[in-house]
Amino acid sequence: MSRVVRIAAGQGFWGDWLEAPRRQVEGGPIDYLMLDYLAEVTMSILQKQMQRDPLAGYARDFITQMEGVLPAVLDARGVRVVANAGGVNPRGCANALLEMARGAAGHEKLRVGVVTGDDLLPRIDELIDAGHAMANMDTGAPLASVRDRVLSANAYVGAPPIIEALDRGANVVVTGRCTDTALILAPLMHEYRWPVDDWDRLASGIVAGHIVECGAQSTGGNCAYDWSTIPDLENIGFPIVEVAEDASFVVTKHPGTGGRVDVHGVTEQLVYEMGDPKQYFTPDVIADFTTIRIAADGKDRVRVFGVHGAPPTDMLKVSIAYRDGYKAVGTLVYAWPDALAKAKEADRIIRARLEKLGLSFDLIYTEYVGATATHGPLAAIPADLPEVQLRIGVRGNDRKAIERFTREIAPLVLTGPPGVTGYAGGRPKIEEVVAYWPALVDKSVIAPSVSILTT
Amino acid sequence: MKIRLLDIAHARSGDKGDTANVGVIALRDEWYPILVRYVTRERVAEHFREVIKGKVERFELPNLFALNFLLHGALGGGGTVTLRTDAQAKVYSSATLRMVFDVPDAEARAAKLPEYRP
């Protein structure tokens with residue numbers, strides 16, 4: 001059999017199954033483990049954490065999970081780990097990892113590559129002054145219009161700095177904001193030395209990354225196709241790609257694990273979070289998803305090949321988060337008989353009381369869970385529901401108004417329709433709204449840098 | 001003949017800002033042309049007219065026997081801003097599969113489509 005590079009995915013988001021990374025290194029042979037922790041707004045949460053504690057600002061789960069993974073990195077297996085766990089503090093993350101590793105056998109072999117340079121927060125004013133508007137890709141508004149409320153700003157960097165870290169002998173690479181797909185593409189480019197303008201092979205690596213970046217969503221998790229027959233989900237295996245030198249690959253999972261890898265399930269993941277399929281933009285290549293060929297390749301094996309790509313643009317995507325007011329959501333449960341009618345009456349009462357108080361909100365939004373919350377007016381509501389949850393939320397810039405709203409839910413228990421329960425959770429919590437601002441910036445202003453740290 | 005999308009396709013959905021994406025995949029490869037012909041941008045926009053605020057875009061992926069829809073203004077402001085339960089468009093997939101449409105009997109029988117009888 002010709003050579004393949006085996007890359008396992010062990011985390012699809014921050015908060016994913018804690019067991020998965022260890023299971024990926026113990027379940028069978030792999031060359032690389034990739035761990036994706038960063039969703040669009042994760043960076044702002046981490047930025048807030050670092051403001052409170054300068055040593056924080058990264059995905060702490062990573063350190064816990066690496067306790068189970070580290071033996072495979074340091075012993076004869078030599079698994080290498082690529083993770084965007086660094087958040088807004090990749091160096092702090094690397095130091096915490098080194099600290100944790102110091103007691104471990106063979107820790108002197110640990111070489112942690114740290115990728116920085118994605119964080120634009122300290123550079124925003126300089127960039128705006130230099131003419132980089134970083135206009136909102138959805139609305140066209142310039143970033144200057146929300147400048148004073150910005151919490152985090154990070155460019156999505158591509159594969160090159162991760163490749164450099166691997167070339168320099170890192171066996172764990174910790175990055176800040178990079179594209180999820182670069183976590184897969186970089187090890188492949190490091191192993192196979194694909195030319196940086198071999199667009200088709202690069203695009204195939206991106207497709208591999210897209211398939212596994214959401215963890216078990218490609219191995220039977222959240223799979224709509226014939227879902228009730230997917231076996232042993234409590235023991236689900238996370239995805240592994242076996243990538244050949246020509247960049248074609250097989251999606252699979254470790255033997256003995258649950259879930260299912262088939263053409264239908266992998267196709268569901270391919271179309272997940274997709275825009276224009278002909279132009280899947282990354283900093284490394286533009287992949288054309290309409291060229292993907294996919295075929296069954298035995299039990300729990302799907303082969304992907306034929307992918308075409310095109311040169312990337314000169315721009316990088318920037319993910320910016322900014323403060324945008326407050327919100328709170330309260331709930332009450334109404335029981336049979338007339339559950340929905342009672343919940344609707346309670347909603348009317350709350351709104352009338354808020355209005356009488358003279359409070360104004362940007363939005364008051366009501367759902368009736370059990371009747372309208374998921375499909376809204378598209379679903380026919382059966383008569384005689386056993387229960388309905390009233391779920392009412394408010395949003396606005398006036399924190400005092402939001403605070404007052406949180407005190408208007410519980411009184412309904414004694415002052416509204418009968419048959420109400422489910423209020424034991426107490427007053428709704430006020431949350432600061434962190435809004436997302438997608439923008440582009442010239443590639444030329446981002447210069448990622450790599451350093452290698454040891455114990 | 002009435003056909004319900006749930007009976008001939010499966011789907012997965014996700015979010016990007018205030019836009020939902022819904023990938024609709026034929027349950028059998030030979031049903032893909034039915035999706036192309038009947039699950040049009042206009043029909044999907046009509047299906048969601050009370051639910052979304054923006055326009056609908058459709059893209060074809062004949063290689064995967066799939067269509068991709070972008071539903072703009074679908075999330076009440078987007079993931080972190082919205083007050084909705086479905087903040088990240090996870091159930092737009094099944095909401096899409098609720099669509100029911102007419103296919104001429106001869107064509108439906110030739111393609112062996114399952115008839116929808118509510």
# chains A, B, ... in the order shown; residues from 1 in each chain; ligands from 1
call {"tool": "interface_residues", "arguments": {"of": "chain B", "to": "chain A", "cutoff": "10 Å", "atoms": "only C-alpha atoms", "output": "PyMOL selection string"}}
result
chain B and resi 9-28+47-51+57-70+76-86+89-96+98-99
call {"tool": "residues_around", "arguments": {"residues": "Asp105 (chain B)", "least_positions_apart": "2", "cutoff": "12 Å", "atoms": "only C-alpha atoms", "output": "ChimeraX atom specification"}}
result
/B:1-3,102-103,107-115
call {"tool": "closest_residue", "arguments": {"among": "B:Leu71, B:Val56, B:Leu5, B:Ala106", "to": "Glu42 (chain B)", "atoms": "only C-alpha atoms"}}
result
B:Val56
call {"tool": "residues_around", "arguments": {"residues": "Thr313 (chain A)", "least_positions_apart": "5", "cutoff": "9 Å", "atoms": "only C-alpha atoms", "output": "PyMOL selection string"}}
result
chain A and resi 281-286+443
call {"tool": "write_last_selection", "arguments": {"atoms": "N, CA and C atoms", "output": "PDB file, in the first residue's frame"}}
result
ATOM      1  N   PHE A 281     -13.472  30.103   0.135  1.00  0.00           N
ATOM      2  CA  PHE A 281     -12.282  30.935   0.313  1.00  0.00           C
ATOM      3  C   PHE A 281     -11.460  30.497   1.522  1.00  0.00           C
ATOM      4  N   THR A 282     -10.160  30.374   1.332  1.00  0.00           N
ATOM      5  CA  THR A 282      -9.229  30.261   2.451  1.00  0.00           C
ATOM      6  C   THR A 282      -8.004  31.092   2.084  1.00  0.00           C
ATOM      7  N   PRO A 283      -7.145  31.399   3.054  1.00  0.00           N
ATOM      8  CA  PRO A 283      -5.951  32.181   2.717  1.00  0.00           C
ATOM      9  C   PRO A 283      -4.972  31.393   1.853  1.00  0.00           C
ATOM     10  N   ASP A 284      -5.129  30.054   1.818  1.00  0.00           N
ATOM     11  CA  ASP A 284      -4.162  29.208   1.119  1.00  0.00           C
ATOM     12  C   ASP A 284      -4.571  28.897  -0.314  1.00  0.00           C
ATOM     13  N   VAL A 285      -5.873  28.808  -0.556  1.00  0.00           N
ATOM     14  CA  VAL A 285      -6.382  28.380  -1.859  1.00  0.00           C
ATOM     15  C   VAL A 285      -7.888  28.607  -1.869  1.00  0.00           C
ATOM     16  N   ILE A 286      -8.466  28.739  -3.060  1.00  0.00           N
ATOM     17  CA  ILE A 286      -9.928  28.736  -3.172  1.00  0.00           C
ATOM     18  C   ILE A 286     -10.330  27.353  -3.683  1.00  0.00           C
ATOM     19  N   LYS A 443      -3.656  41.018   3.011  1.00  0.00           N
ATOM     20  CA  LYS A 443      -2.761  39.977   3.520  1.00  0.00           C
ATOM     21  C   LYS A 443      -1.412  40.560   3.940  1.00  0.00           C
TER      22      LYS A 443
END
call {"tool": "atom_distance", "arguments": {"atom1": "CA of Asn89 (chain A)", "atom2": "CA of Gly57 (chain A)"}}
result
5.3 Å
call {"tool": "select_by_dssp", "arguments": {"residues": "chain B", "states": "helix (DSSP H, G or I)", "output": "PyMOL selection string"}}
result
chain B and resi 5-7+29-38+41-47+62-64+92-97+105-110
call {"tool": "write_last_selection", "arguments": {"atoms": "C-alpha atoms", "output": "compact mmCIF listing (two decimals), in the first residue's frame"}}
result
# COMPACT_ATOMS: atom_id res chain seq x y z
CA LEU B 5 -39.17 17.10 0.57
CA LEU B 6 -38.50 15.07 3.74
CA ASP B 7 -39.36 11.90 1.81
CA ASP B 29 -28.96 10.04 -6.75
CA GLU B 30 -31.65 9.75 -9.43
CA TRP B 31 -33.90 12.14 -7.51
CA TYR B 32 -31.42 15.03 -7.81
CA PRO B 33 -33.02 16.34 -11.05
CA ILE B 34 -36.36 16.50 -9.19
CA LEU B 35 -34.71 18.73 -6.56
CA VAL B 36 -33.22 20.95 -9.27
CA ARG B 37 -36.57 21.30 -11.05
CA TYR B 38 -38.96 21.72 -8.12
CA ARG B 41 -35.08 29.49 -5.14
CA GLU B 42 -38.56 31.02 -5.53
CA ARG B 43 -40.33 28.08 -3.87
CA VAL B 44 -37.96 28.07 -0.92
CA ALA B 45 -38.37 31.84 -0.54
CA GLU B 46 -42.15 31.37 -0.54
CA HIS B 47 -41.85 28.54 2.04
CA PRO B 62 -24.54 17.99 -9.14
CA ASN B 63 -21.41 16.10 -8.06
CA LEU B 64 -22.91 15.59 -4.59
CA TYR B 92 -33.52 25.23 9.36
CA SER B 93 -32.62 21.89 7.78
CA SER B 94 -35.75 20.10 8.95
CA ALA B 95 -37.84 23.25 8.50
CA THR B 96 -36.83 23.15 4.82
CA LEU B 97 -37.74 19.47 4.55
CA ASP B 105 -48.17 12.19 -11.81
CA ALA B 106 -46.37 10.67 -14.79
CA GLU B 107 -43.06 12.23 -13.83
CA ALA B 108 -43.47 11.27 -10.17
CA ARG B 109 -44.28 7.68 -11.06
CA ALA B 110 -41.40 7.42 -13.52
call {"tool": "select_by_dssp", "arguments": {"residues": "chain B", "states": "strand (DSSP E or B)", "output": "JSON, numbers by chain"}}
result
{"B": [2, 3, 4, 9, 10, 11, 12, 13, 14, 15, 16, 19, 20, 21, 22, 23, 24, 25, 26, 56, 57, 58, 59, 60, 61, 66, 67, 68, 69, 70, 71, 100, 101, 102]}
call {"tool": "residues_around", "arguments": {"residues": "Arg91 (chain A)", "least_positions_apart": "6", "cutoff": "9 Å", "atoms": "only C-alpha atoms", "output": "CSV table (one decimal) with C-alpha atoms, in the first residue's frame"}}
result
chain,number,residue,atom,x,y,z
A,114,VAL,CA,3.7,28.9,19.0
A,115,VAL,CA,2.1,30.8,16.1
A,116,THR,CA,1.3,34.4,16.8
A,174,VAL,CA,-0.4,26.0,19.3
A,175,THR,CA,-2.0,28.8,17.2
call {"tool": "residues_around", "arguments": {"residues": "Phe13 (chain A)", "least_positions_apart": "3", "cutoff": "10 Å", "atoms": "only C-alpha atoms", "output": "PyMOL selection string"}}
result
chain A and resi 10+16-17+35-39+42+213-215
call {"tool": "closest_atom_pairs", "arguments": {"of": "region 162-222 of chain A", "to": "region 144-158 of chain A", "cutoff": "9 Å", "atoms": "only C-alpha atoms", "output": "JSON lines"}}
result
{"residue": "A:Ile162", "atom": "CA", "partner": "A:Gly158", "partner_atom": "CA", "distance": 8.0}
{"residue": "A:Gly176", "atom": "CA", "partner": "A:Asn154", "partner_atom": "CA", "distance": 8.4}
{"residue": "A:Arg177", "atom": "CA", "partner": "A:Tyr156", "partner_atom": "CA", "distance": 5.5}
{"residue": "A:Cys178", "atom": "CA", "partner": "A:Tyr156", "partner_atom": "CA", "distance": 4.4}
{"residue": "A:Thr179", "atom": "CA", "partner": "A:Tyr156", "partner_atom": "CA", "distance": 5.4}
{"residue": "A:Asp180", "atom": "CA", "partner": "A:Gly158", "partner_atom": "CA", "distance": 8.8}
{"residue": "A:Thr181", "atom": "CA", "partner": "A:Gly158", "partner_atom": "CA", "distance": 8.2}
{"residue": "A:Ala182", "atom": "CA", "partner": "A:Gly158", "partner_atom": "CA", "distance": 5.4}
{"residue": "A:Leu183", "atom": "CA", "partner": "A:Gly158", "partner_atom": "CA", "distance": 8.5}
{"residue": "A:Leu185", "atom": "CA", "partner": "A:Gly158", "partner_atom": "CA", "distance": 8.8}
{"residue": "A:Ala186", "atom": "CA", "partner": "A:Gly158", "partner_atom": "CA", "distance": 8.3}
call {"tool": "atom_distance", "arguments": {"atom1": "CA of Glu403 (chain A)", "atom2": "CA of Gly426 (chain A)"}}
result
13.4 Å
call {"tool": "atom_distance", "arguments": {"atom1": "CA of Val212 (chain A)", "atom2": "CA of Leu18 (chain A)"}}
result
16.7 Å
call {"tool": "residues_around", "arguments": {"residues": "Asp232 (chain A)", "least_positions_apart": "4", "cutoff": "8 Å", "atoms": "only C-alpha atoms", "output": "list in words"}}
result
Ile236, Thr257, Gly258 and Gly259 of chain A
